[in-house]
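**Student:** See my_file_24.txt below, with compact mmCIF, C-alpha atoms and all ligand atoms.
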# COMPACT_ATOMS: atom_id res chain seq x y z
CA MET A 801 0.00 0.00 0.00
CA ASN A 802 1.25 3.50 -0.82
CA ALA A 803 2.47 5.59 2.10
CA ILE A 804 0.37 8.63 3.08
CA ARG A 805 2.33 11.69 1.92
CA ALA A 806 2.19 14.27 4.71
CA VAL A 807 3.38 17.81 5.35
CA ALA A 808 4.08 18.79 8.98
CA VAL A 809 3.44 22.42 9.87
CA GLY A 810 4.80 23.84 13.13
CA CYS A 811 8.28 22.51 13.85
CA GLY A 812 8.51 23.47 17.53
CA ARG A 813 8.78 21.27 20.60
CA MET A 814 5.85 18.91 19.94
CA SER A 815 6.90 18.25 16.37
CA THR A 816 9.66 15.97 17.63
CA ARG A 817 7.18 13.64 19.31
CA PHE A 818 4.90 13.86 16.28
CA LEU A 819 7.63 13.02 13.77
CA GLU A 820 8.95 10.15 15.92
CA ALA A 821 5.42 8.74 16.12
CA ALA A 822 4.86 9.11 12.36
CA ARG A 823 8.13 7.28 11.72
CA ASP A 824 7.20 4.49 14.16
CA ALA A 825 3.65 4.16 12.81
CA GLY A 826 4.89 3.38 9.31
CA GLY A 827 2.94 4.01 6.13
CA VAL A 828 3.56 7.76 6.42
CA GLU A 829 6.09 9.71 4.37
CA ILE A 830 6.96 13.25 5.47
CA VAL A 831 7.27 15.19 2.22
CA GLY A 832 7.39 18.72 3.60
CA LEU A 833 8.15 20.68 6.78
CA VAL A 834 6.81 24.21 7.36
CA ASP A 835 7.54 26.74 10.09
CA LEU A 836 7.41 30.53 10.22
CA ALA A 837 11.04 30.19 11.30
CA LEU A 838 12.76 28.33 8.47
CA PRO A 839 15.65 27.13 10.69
CA MET A 840 13.12 25.18 12.78
CA ALA A 841 11.93 23.30 9.69
CA GLU A 842 15.51 22.73 8.55
CA ALA A 843 16.51 21.47 12.00
CA ARG A 844 13.71 18.87 12.02
CA ARG A 845 14.62 17.77 8.49
CA ALA A 846 18.20 17.15 9.59
CA GLU A 847 17.25 15.55 12.91
CA PHE A 848 14.92 13.01 11.25
CA GLY A 849 17.06 12.38 8.16
CA LEU A 850 14.30 13.66 5.85
CA ALA A 851 16.61 14.80 3.07
CA GLN A 852 13.83 14.42 0.46
CA ALA A 853 11.38 16.66 2.36
CA ALA A 854 10.79 20.23 1.14
CA VAL A 855 11.05 23.03 3.72
CA GLY A 856 9.24 26.35 3.75
CA THR A 857 7.60 29.09 5.77
CA ASP A 858 4.16 29.21 4.14
CA LEU A 859 1.74 26.26 4.28
CA ALA A 860 -0.38 27.27 1.27
CA GLU A 861 2.70 27.58 -0.95
CA MET A 862 3.98 24.21 0.25
CA LEU A 863 0.64 22.51 -0.44
CA ASP A 864 0.46 24.01 -3.94
CA THR A 865 3.94 22.68 -4.69
CA VAL A 866 4.06 19.34 -2.90
CA LYS A 867 0.37 18.31 -3.12
CA PRO A 868 0.39 15.96 -0.11
CA ASP A 869 -2.44 13.68 1.03
CA ALA A 870 -2.37 14.99 4.60
CA VAL A 871 -1.25 17.79 6.89
CA PHE A 872 0.00 17.35 10.45
CA ASP A 873 -0.87 20.60 12.23
CA ILE A 874 1.47 21.18 15.18
CA VAL A 875 1.32 24.99 15.32
CA VAL A 876 0.50 27.14 18.35
CA PRO A 877 -3.22 27.28 19.20
CA ASP A 878 -3.73 30.85 17.92
CA ALA A 879 -2.55 29.90 14.42
CA ARG A 880 -4.63 26.71 14.28
CA HIS A 881 -7.83 27.92 12.63
CA ALA A 882 -6.04 29.52 9.67
CA ILE A 883 -3.67 26.58 9.24
CA ALA A 884 -6.41 23.95 9.53
CA THR A 885 -8.67 25.80 7.10
CA THR A 886 -5.82 26.14 4.59
CA ALA A 887 -5.11 22.41 4.79
CA LEU A 888 -8.76 21.34 4.36
CA ARG A 889 -9.39 23.82 1.54
CA HIS A 890 -6.39 22.35 -0.29
CA GLY A 891 -8.15 18.97 -0.14
CA CYS A 892 -5.81 17.53 2.50
CA HIS A 893 -6.74 15.21 5.34
CA LEU A 894 -5.87 16.92 8.61
CA LEU A 895 -4.50 15.64 11.91
CA THR A 896 -4.33 18.48 14.37
CA GLU A 897 -2.80 18.97 17.82
CA LYS A 898 -4.99 19.92 20.73
CA PRO A 899 -6.78 22.22 21.26
CA MET A 900 -8.90 21.81 18.12
CA ALA A 901 -9.59 25.54 18.12
CA ALA A 902 -9.26 28.67 20.23
CA SER A 903 -13.07 29.01 20.54
CA MET A 904 -16.18 26.89 20.07
CA ALA A 905 -17.17 29.05 17.08
CA ASP A 906 -13.83 28.30 15.40
CA ALA A 907 -14.16 24.60 16.24
CA ARG A 908 -17.68 24.40 14.72
CA ASP A 909 -16.41 26.23 11.66
CA LEU A 910 -13.56 23.72 11.22
CA VAL A 911 -15.90 20.74 11.64
CA ALA A 912 -18.19 22.24 8.95
CA THR A 913 -15.23 22.94 6.63
CA ALA A 914 -14.01 19.37 7.09
CA ALA A 915 -17.48 17.95 6.36
CA ALA A 916 -17.76 20.07 3.20
CA SER A 917 -14.30 18.95 2.07
CA GLY A 918 -15.04 15.26 2.61
CA ARG A 919 -11.60 14.89 4.19
CA ILE A 920 -10.65 13.26 7.51
CA HIS A 921 -10.31 15.81 10.31
CA ALA A 922 -8.88 14.22 13.44
CA MET A 923 -7.55 15.43 16.80
CA ILE A 924 -4.49 14.33 18.67
CA GLN A 925 -5.99 12.94 21.89
CA ASN A 926 -2.93 10.90 22.79
CA ARG A 927 -4.06 10.03 26.34
CA ARG A 928 -6.92 7.92 24.97
CA TYR A 929 -4.30 5.74 23.34
CA LEU A 930 -2.41 4.91 26.55
CA ALA A 931 -2.40 1.27 27.58
CA GLY A 932 -3.74 2.12 31.08
CA VAL A 933 -6.67 4.09 29.68
CA ARG A 934 -7.53 1.33 27.20
CA ARG A 935 -7.39 -1.38 29.91
CA ILE A 936 -9.58 0.61 32.29
CA ALA A 937 -12.12 1.44 29.57
CA ARG A 938 -12.24 -2.27 28.68
CA LEU A 939 -12.87 -3.27 32.33
CA LEU A 940 -15.60 -0.66 32.77
CA ARG A 941 -17.33 -1.72 29.53
CA SER A 942 -17.20 -5.40 30.62
CA GLY A 943 -19.63 -4.64 33.44
CA ALA A 944 -17.44 -6.45 36.00
CA LEU A 945 -17.87 -3.55 38.45
CA GLY A 946 -21.45 -2.73 37.47
CA PRO A 947 -22.53 0.55 35.90
CA VAL A 948 -20.21 3.53 36.41
CA SER A 949 -21.59 5.99 38.96
CA ALA A 950 -18.91 8.65 39.49
CA ILE A 951 -15.46 9.43 38.12
CA TYR A 952 -12.94 11.48 40.12
CA GLY A 953 -9.83 12.80 38.39
CA ASP A 954 -7.11 14.68 40.32
CA PHE A 955 -4.33 16.53 38.55
CA PHE A 956 -1.70 18.25 40.72
CA LEU A 957 1.68 19.27 39.32
CA GLY A 958 3.93 22.31 39.50
CA PRO A 959 5.68 22.63 36.13
CA HIS A 960 7.77 25.77 35.59
CA PHE A 961 7.37 25.93 31.80
CA GLY A 962 8.40 29.53 31.25
CA GLY A 963 7.10 30.90 27.95
CA PHE A 964 3.52 31.51 26.76
CA ARG A 965 1.77 29.37 29.36
CA GLU A 966 2.79 31.62 32.23
CA GLN A 967 0.94 34.55 30.59
CA MET A 968 -2.07 32.65 29.27
CA LYS A 969 -5.63 33.18 30.55
CA HIS A 970 -7.35 30.03 31.88
CA VAL A 971 -4.03 28.24 31.51
CA LEU A 972 -4.94 24.96 33.22
CA LEU A 973 -8.38 24.57 31.64
CA LEU A 974 -7.33 25.70 28.18
CA ASP A 975 -3.92 24.12 27.83
CA MET A 976 -4.15 20.89 29.83
CA ALA A 977 -7.57 19.91 31.15
CA ILE A 978 -8.79 18.78 27.71
CA HIS A 979 -6.69 15.63 28.15
CA THR A 980 -8.27 14.75 31.50
CA PHE A 981 -11.77 15.70 30.29
CA ASP A 982 -11.42 13.63 27.13
CA VAL A 983 -10.35 10.55 29.11
CA ALA A 984 -13.21 11.11 31.59
CA ARG A 985 -15.64 11.19 28.67
CA LEU A 986 -14.21 7.88 27.41
CA PHE A 987 -14.48 6.29 30.89
CA ALA A 988 -18.03 7.59 31.33
CA GLY A 989 -19.06 6.38 27.89
CA SER A 990 -21.09 9.54 27.47
CA GLU A 991 -20.90 13.23 26.73
CA ALA A 992 -21.18 16.04 29.27
CA SER A 993 -24.62 17.63 29.63
CA SER A 994 -23.64 20.41 32.07
CA VAL A 995 -20.71 21.79 34.05
CA HIS A 996 -20.13 23.91 37.12
CA CYS A 997 -16.60 25.20 37.58
CA ARG A 998 -14.60 27.32 40.01
CA GLU A 999 -11.27 28.54 38.70
CA TRP A 1000 -8.67 30.58 40.55
CA ASN A 1001 -5.03 31.55 40.64
CA PRO A 1002 -3.39 30.75 43.99
CA ALA A 1003 -1.52 33.60 45.69
CA HIS A 1004 1.78 31.71 45.28
CA SER A 1005 1.13 30.90 41.60
CA TRP A 1006 3.82 31.74 39.04
CA TYR A 1007 1.15 31.82 36.32
CA ALA A 1008 -0.75 34.98 35.38
CA HIS A 1009 -4.21 33.38 35.42
CA GLY A 1010 -6.22 30.28 36.24
CA ALA A 1011 -3.62 27.80 37.47
CA SER A 1012 -6.20 25.91 39.56
CA ALA A 1013 -9.73 24.69 38.94
CA ILE A 1014 -12.43 22.42 40.28
CA ALA A 1015 -15.12 21.34 37.82
CA THR A 1016 -18.12 19.05 38.16
CA PHE A 1017 -19.73 17.61 35.04
CA ASP A 1018 -23.07 15.86 34.75
CA MET A 1019 -22.79 13.37 31.93
CA ALA A 1020 -25.79 12.63 29.73
CA ASN A 1021 -25.97 9.02 30.99
CA GLY A 1022 -26.14 10.08 34.67
CA VAL A 1023 -22.46 9.61 35.51
CA LEU A 1024 -20.90 12.42 37.54
CA VAL A 1025 -17.36 13.56 36.73
CA SER A 1026 -15.37 15.49 39.34
CA TYR A 1027 -12.15 17.20 38.25
CA ARG A 1028 -9.71 18.89 40.64
CA GLY A 1029 -6.56 20.32 39.18
CA SER A 1030 -3.65 22.67 39.65
CA TRP A 1031 -0.51 23.55 37.79
CA ALA A 1032 0.80 25.45 40.81
CA ALA A 1033 0.98 22.49 43.18
CA GLU A 1034 4.56 21.84 44.31
CA GLY A 1035 5.48 18.43 45.70
CA LEU A 1036 3.72 15.04 45.84
CA ARG A 1037 2.72 15.43 42.26
CA THR A 1038 0.25 13.26 40.40
CA SER A 1039 0.96 11.74 37.03
CA TRP A 1040 0.41 13.87 33.90
CA GLU A 1041 -2.43 11.42 33.19
CA ALA A 1042 -4.07 12.42 36.54
CA SER A 1043 -4.93 10.15 39.44
CA TRP A 1044 -8.33 8.46 39.21
CA ARG A 1045 -11.04 6.87 41.34
CA ILE A 1046 -14.02 5.40 39.55
CA VAL A 1047 -16.95 4.32 41.68
CA CYS A 1048 -19.31 1.80 40.12
CA ALA A 1049 -22.47 0.14 41.41
CA ASN A 1050 -20.61 -3.02 42.42
CA GLY A 1051 -17.06 -1.90 43.10
CA THR A 1052 -14.32 0.67 42.65
CA LEU A 1053 -11.29 1.16 40.45
CA THR A 1054 -8.28 3.36 41.20
CA TRP A 1055 -5.44 4.34 38.88
CA ASP A 1056 -2.38 6.40 39.76
CA GLY A 1057 -2.03 7.42 36.11
CA GLU A 1058 1.04 5.24 35.78
CA ASP A 1059 1.32 1.47 36.31
CA ASP A 1060 -0.84 0.96 39.39
CA ILE A 1061 -4.41 0.04 38.41
CA ARG A 1062 -6.54 -1.69 41.06
CA ALA A 1063 -10.15 -2.73 41.23
CA GLU A 1064 -12.32 -4.45 43.85
CA ARG A 1065 -15.87 -5.71 43.61
CA VAL A 1066 -18.46 -6.78 46.13
CA VAL A 1067 -18.81 -10.52 46.71
CA GLY A 1068 -20.83 -10.63 49.93
CA PRO A 1069 -22.71 -8.58 52.53
CA GLY A 1070 -21.23 -6.92 55.63
CA TYR A 1071 -20.92 -3.56 57.42
CA PHE A 1072 -18.33 -2.98 54.76
CA SER A 1073 -19.33 -5.41 52.02
CA GLN A 1074 -16.93 -8.27 51.40
CA THR A 1075 -14.86 -7.52 48.35
CA GLU A 1076 -12.35 -9.26 46.15
CA PRO A 1077 -9.73 -7.89 43.76
CA VAL A 1078 -10.66 -7.80 40.11
CA ALA A 1079 -8.02 -8.54 37.50
CA ILE A 1080 -7.42 -5.66 35.11
CA PRO A 1081 -7.68 -6.99 31.57
CA PRO A 1082 -4.50 -6.91 29.49
CA ILE A 1083 -4.29 -4.91 26.31
CA ASP A 1084 -6.36 -6.53 23.62
CA PRO A 1085 -5.10 -6.62 20.02
CA ALA A 1086 -8.18 -4.58 19.12
CA ASP A 1087 -6.99 -1.74 21.41
CA ARG A 1088 -4.99 0.85 19.54
CA VAL A 1089 -2.27 2.12 21.87
CA GLY A 1090 0.95 4.11 21.76
CA GLY A 1091 -0.08 7.72 22.46
CA HIS A 1092 0.72 9.86 19.40
CA ARG A 1093 1.69 6.76 17.43
CA GLY A 1094 -1.71 5.17 18.05
CA VAL A 1095 -3.54 8.31 16.92
CA ILE A 1096 -1.41 8.55 13.77
CA GLU A 1097 -2.02 4.87 12.96
CA ASP A 1098 -5.78 5.42 13.29
CA PHE A 1099 -5.57 8.55 11.14
CA ARG A 1100 -3.59 6.69 8.46
CA ASP A 1101 -6.09 3.81 8.49
CA ALA A 1102 -9.04 6.23 8.37
CA ILE A 1103 -7.60 7.78 5.19
CA ARG A 1104 -7.25 4.31 3.69
CA THR A 1105 -10.70 3.04 4.68
CA GLY A 1106 -12.68 6.30 4.63
CA LEU A 1107 -14.10 5.42 8.06
CA PRO A 1108 -14.00 8.17 10.73
CA PRO A 1109 -11.21 7.74 13.31
CA GLU A 1110 -11.93 7.63 17.05
CA THR A 1111 -10.84 11.24 17.50
CA ALA A 1112 -12.70 12.72 14.51
CA GLY A 1113 -13.32 16.44 14.97
CA ALA A 1114 -17.10 16.07 14.66
CA GLU A 1115 -17.05 13.77 17.73
CA ASN A 1116 -14.12 15.18 19.65
CA ILE A 1117 -15.63 18.66 19.70
CA LYS A 1118 -17.58 17.30 22.70
CA SER A 1119 -14.34 17.28 24.74
CA LEU A 1120 -13.56 20.85 23.68
CA ALA A 1121 -17.10 21.83 24.75
CA MET A 1122 -16.22 20.61 28.27
CA VAL A 1123 -13.25 23.03 28.33
CA PHE A 1124 -15.13 26.07 27.07
CA GLY A 1125 -18.17 25.20 29.21
CA ALA A 1126 -15.94 25.07 32.30
CA ILE A 1127 -14.41 28.44 31.41
CA GLU A 1128 -17.84 30.00 30.88
CA SER A 1129 -19.04 28.61 34.19
CA ALA A 1130 -15.94 29.94 35.97
CA GLU A 1131 -16.48 33.39 34.47
CA THR A 1132 -20.23 33.60 35.14
CA GLY A 1133 -20.51 31.57 38.35
CA GLN A 1134 -23.40 29.71 36.70
CA THR A 1135 -23.89 26.07 35.75
CA VAL A 1136 -23.52 25.85 31.97
CA ASN A 1137 -25.59 23.48 29.85
CA LEU A 1138 -23.58 21.72 27.17
CA ILE A 1139 -26.31 19.94 25.16
N1 LIG A 1201 -0.81 16.37 22.85
C1 LIG A 1201 0.05 16.78 23.76
O1 LIG A 1201 0.34 16.05 24.71
C2 LIG A 1201 0.66 18.14 23.64
C3 LIG A 1201 1.70 18.53 24.49
C4 LIG A 1201 2.28 19.79 24.33
C5 LIG A 1201 1.79 20.64 23.34
N2 LIG A 1201 0.75 20.25 22.54
C6 LIG A 1201 0.21 21.16 21.50
O2 LIG A 1201 1.06 21.14 20.37
C7 LIG A 1201 0.98 22.41 19.70
C8 LIG A 1201 2.39 22.95 19.49
O3 LIG A 1201 3.01 23.12 20.75
P1 LIG A 1201 4.60 23.30 20.90
O4 LIG A 1201 4.89 23.11 22.32
O5 LIG A 1201 5.31 22.50 19.87
O6 LIG A 1201 4.74 24.85 20.54
P2 LIG A 1201 6.05 25.60 20.01
O7 LIG A 1201 5.83 27.05 20.27
O8 LIG A 1201 7.30 24.94 20.53
O9 LIG A 1201 6.06 25.32 18.43
C9 LIG A 1201 5.07 25.80 17.57
C10 LIG A 1201 5.72 26.12 16.23
O10 LIG A 1201 4.70 26.54 15.32
C11 LIG A 1201 5.26 27.55 14.49
N3 LIG A 1201 4.17 28.33 13.90
C12 LIG A 1201 3.30 29.16 14.51
N4 LIG A 1201 2.42 29.68 13.62
C13 LIG A 1201 2.75 29.15 12.41
C14 LIG A 1201 2.23 29.29 11.10
N5 LIG A 1201 1.18 30.08 10.86
N6 LIG A 1201 2.81 28.61 10.10
C15 LIG A 1201 3.88 27.81 10.33
N7 LIG A 1201 4.42 27.61 11.57
C16 LIG A 1201 3.87 28.28 12.59
C17 LIG A 1201 6.14 28.37 15.43
O11 LIG A 1201 7.11 29.11 14.72
C18 LIG A 1201 6.75 27.27 16.31
O12 LIG A 1201 7.99 26.82 15.83
C19 LIG A 1201 0.09 23.30 20.57
O13 LIG A 1201 -1.21 23.33 20.05
C20 LIG A 1201 0.12 22.62 21.92
O14 LIG A 1201 -1.06 22.85 22.68
C21 LIG A 1201 0.20 19.02 22.68
I need this file expressed as structure tokens, please.
**Tutor:**
Amino acid sequence: MNAIRAVAVGCGRMSTRFLEAARDAGGVEIVGLVDLALPMAEARRAEFGLAQAAVGTDLAEMLDTVKPDAVFDIVVPDARHAIATTALRHGCHLLTEKPMAASMADARDLVATAAASGRIHAMIQNRRYLAGVRRIARLLRSGALGPVSAIYGDFFLGPHFGGFREQMKHVLLLDMAIHTFDVARLFAGSEASSVHCREWNPAHSWYAHGASAIATFDMANGVLVSYRGSWAAEGLRTSWEASWRIVCANGTLTWDGEDDIRAERVVGPGYFSQTEPVAIPPIDPADRVGGHRGVIEDFRDAIRTGLPPETAGAENIKSLAMVFGAIESAETGQTVNLI
């Protein structure tokens, strides 16, 4: 089968992970690299031994010349709408970094442009493709713990990024929480119907705005999702994948976001019911894993089959709605309906 010919636009920090994943996925040929700063594109070309790839500073010009099948959009969020629209209007399939857009209006516009173009429009939601997330989702779907009742995700780290994040408004919700919200939506097996959120910036915070937040989502199937997070929490940090407790009708699962997944279910009555450990299922061949690599493999296969990938924009916009709903709730103090 012919390789998918792809142009990568945005050759900053994330492009390294993206290009490694594309190489590991196979079936993808990088035919062009674009960055406003040409030396960034040249550096990636050298680093990945892509001597045949064209380099440039303007995506439209590159697409006119190289005529690729697909664009990997790895630019900064503010440039995304213009870059994504350019790619789709040139008839390219588009795989785009999070966040899908800088506003819900822009996101809806991109989903409509993608539908009109008939091309695949997919998001990088790499956390969905982690082995731990896949194994937990498989256990929950098996019914071994009974129906899911409530999902608690805690995210506490203190990264000193420097750069744009330290000036950004709503930094935690806008730049990070989408990952945790998207995984919560997968675990719940449903979309969010409403959100109430309190966001604040701790007095000791080294960010300009919104380093901490607590959000509660009602999911359409009755599951409650509780998110507590901070990017200004020094010491005793959680994993980047958050730390989880999932309470089901017949038992509970916990995950530290790394290798420790545990579950117990009720086997008999008592003041505290008698419980037994539940084995966490291994990865199934049908699970697509590998973070960025898994998403890129799905994207490649979606182009080949024409079937929408798991993180198609038209579906994944529901995770973005959780972010912008939480921000609106934090700003207004009101519960925000999402459907
Ligand atoms: N999925 C994840 O886990 C994850 C992690 C970190 C960052 N990200 C996302 O990846 C994206 C890129 O982040 P980064 O850390 O690489 O940023 P970065 O600032 O290091 O790199 C972005 C690059 O895009 C280039 N660029 C900006 N506008 C452009 C345009 N119009 N045309 C061509 N190039 C342009 C910049 O010159 C820069 O080199 C962001 O959307 C970010 O949110 C995702």
**Student:** Assuming 4 Å of padding per side, give the centre and edge lengths of the axis-aligned box around every listed atom of ligand LIG 1201 (chain A), in Å to one decimal and as AutoDock Vina command-line options.
**Tutor:**
--center_x 3.4 --center_y 23.1 --center_z 17.4 --size_x 17.2 --size_y 22.0 --size_z 22.6
**Student:** Write out as number ranges by chain the residues lying within 12 Å of region 823-827 of chain A, counting only C-alpha atoms and excluding same-chain residues fewer than 5 positions away.
**Tutor:** A: 801-806, 815-818, 848-850, 1088-1101, 1103-1104
**Student:** Do you know which residues are at most 7 Å from Ala853 (chain A) counting all atoms listed in the file, after dropping those on the same chain fewer than 5 positions away, and could you put them as a PDB file with C-alpha atoms, keeping the file's coordinate frame?
**Tutor:**
ATOM      1  CA  ILE A 830       6.960  13.250   5.470  1.00  0.00           C
ATOM      2  CA  VAL A 831       7.270  15.190   2.220  1.00  0.00           C
ATOM      3  CA  GLY A 832       7.390  18.720   3.600  1.00  0.00           C
ATOM      4  CA  LEU A 833       8.150  20.680   6.780  1.00  0.00           C
TER       5      LEU A 833
END
**Student:** At what distance in Å, to one decimal, does CA of Thr865 (chain A) lie from CA of Ile924 (chain A)?
**Tutor:** 26.2 Å
**Student:** Hey, what's within 9 Å of region 981-990 of chain A if we count only C-alpha atoms and toss same-chain stuff fewer than 5 positions away? As an MDAnalysis selection string, please?
**Tutor:** chainID A and resid 925 927:928 933 936:937 940:941 948:953 1019:1025 1027 1041 1046 1116 1118:1120 1122:1123
**Student:** Rebuild region 931-950 of chain A to N, CA, C and O atoms - output it as a CSV table (one decimal), keeping the file's coordinate frame, please.
**Tutor:**
chain,number,residue,atom,x,y,z
A,931,ALA,N,-2.0,2.6,27.2
A,931,ALA,CA,-2.4,1.3,27.6
A,931,ALA,C,-3.3,1.3,28.8
A,931,ALA,O,-4.3,0.6,28.9
A,932,GLY,N,-2.9,2.1,29.8
A,932,GLY,CA,-3.7,2.1,31.1
A,932,GLY,C,-5.2,2.6,30.8
A,932,GLY,O,-6.1,2.0,31.3
A,933,VAL,N,-5.3,3.6,30.0
A,933,VAL,CA,-6.7,4.1,29.7
A,933,VAL,C,-7.5,3.0,28.9
A,933,VAL,O,-8.6,2.8,29.2
A,934,ARG,N,-6.8,2.4,28.0
A,934,ARG,CA,-7.5,1.3,27.2
A,934,ARG,C,-8.0,0.2,28.1
A,934,ARG,O,-9.1,-0.4,28.0
A,935,ARG,N,-7.1,-0.2,29.0
A,935,ARG,CA,-7.4,-1.4,29.9
A,935,ARG,C,-8.5,-1.0,30.8
A,935,ARG,O,-9.4,-1.8,31.1
A,936,ILE,N,-8.5,0.2,31.4
A,936,ILE,CA,-9.6,0.6,32.3
A,936,ILE,C,-10.9,0.7,31.5
A,936,ILE,O,-11.9,0.2,32.0
A,937,ALA,N,-10.9,1.3,30.4
A,937,ALA,CA,-12.1,1.4,29.6
A,937,ALA,C,-12.7,0.1,29.3
A,937,ALA,O,-13.9,-0.2,29.4
A,938,ARG,N,-11.8,-0.9,29.0
A,938,ARG,CA,-12.2,-2.3,28.7
A,938,ARG,C,-12.9,-2.9,29.9
A,938,ARG,O,-13.9,-3.5,29.8
A,939,LEU,N,-12.3,-2.7,31.1
A,939,LEU,CA,-12.9,-3.3,32.3
A,939,LEU,C,-14.2,-2.6,32.6
A,939,LEU,O,-15.2,-3.3,32.9
A,940,LEU,N,-14.3,-1.3,32.5
A,940,LEU,CA,-15.6,-0.7,32.8
A,940,LEU,C,-16.7,-1.2,31.8
A,940,LEU,O,-17.8,-1.4,32.2
A,941,ARG,N,-16.3,-1.3,30.5
A,941,ARG,CA,-17.3,-1.7,29.5
A,941,ARG,C,-17.8,-3.2,29.8
A,941,ARG,O,-18.9,-3.6,29.4
A,942,SER,N,-16.9,-4.0,30.4
A,942,SER,CA,-17.2,-5.4,30.6
A,942,SER,C,-18.3,-5.6,31.6
A,942,SER,O,-18.9,-6.6,31.7
A,943,GLY,N,-18.6,-4.5,32.4
A,943,GLY,CA,-19.6,-4.6,33.4
A,943,GLY,C,-19.2,-5.3,34.7
A,943,GLY,O,-20.0,-5.5,35.6
A,944,ALA,N,-17.9,-5.7,34.8
A,944,ALA,CA,-17.4,-6.4,36.0
A,944,ALA,C,-17.6,-5.7,37.3
A,944,ALA,O,-17.8,-6.3,38.4
A,945,LEU,N,-17.7,-4.4,37.2
A,945,LEU,CA,-17.9,-3.6,38.4
A,945,LEU,C,-19.3,-3.0,38.5
A,945,LEU,O,-19.6,-2.2,39.4
A,946,GLY,N,-20.1,-3.3,37.6
A,946,GLY,CA,-21.4,-2.7,37.5
A,946,GLY,C,-21.4,-1.4,36.8
A,946,GLY,O,-20.3,-0.9,36.4
A,947,PRO,N,-22.5,-0.7,36.6
A,947,PRO,CA,-22.5,0.6,35.9
A,947,PRO,C,-21.7,1.6,36.6
A,947,PRO,O,-21.7,1.7,37.8
A,948,VAL,N,-21.0,2.4,35.8
A,948,VAL,CA,-20.2,3.5,36.4
A,948,VAL,C,-21.2,4.6,37.0
A,948,VAL,O,-22.2,4.9,36.5
A,949,SER,N,-20.8,5.0,38.3
A,949,SER,CA,-21.6,6.0,39.0
A,949,SER,C,-20.9,7.4,39.0
A,949,SER,O,-21.5,8.4,38.6
A,950,ALA,N,-19.6,7.4,39.4
A,950,ALA,CA,-18.9,8.6,39.5
A,950,ALA,C,-17.4,8.5,39.2
A,950,ALA,O,-16.9,7.4,39.5
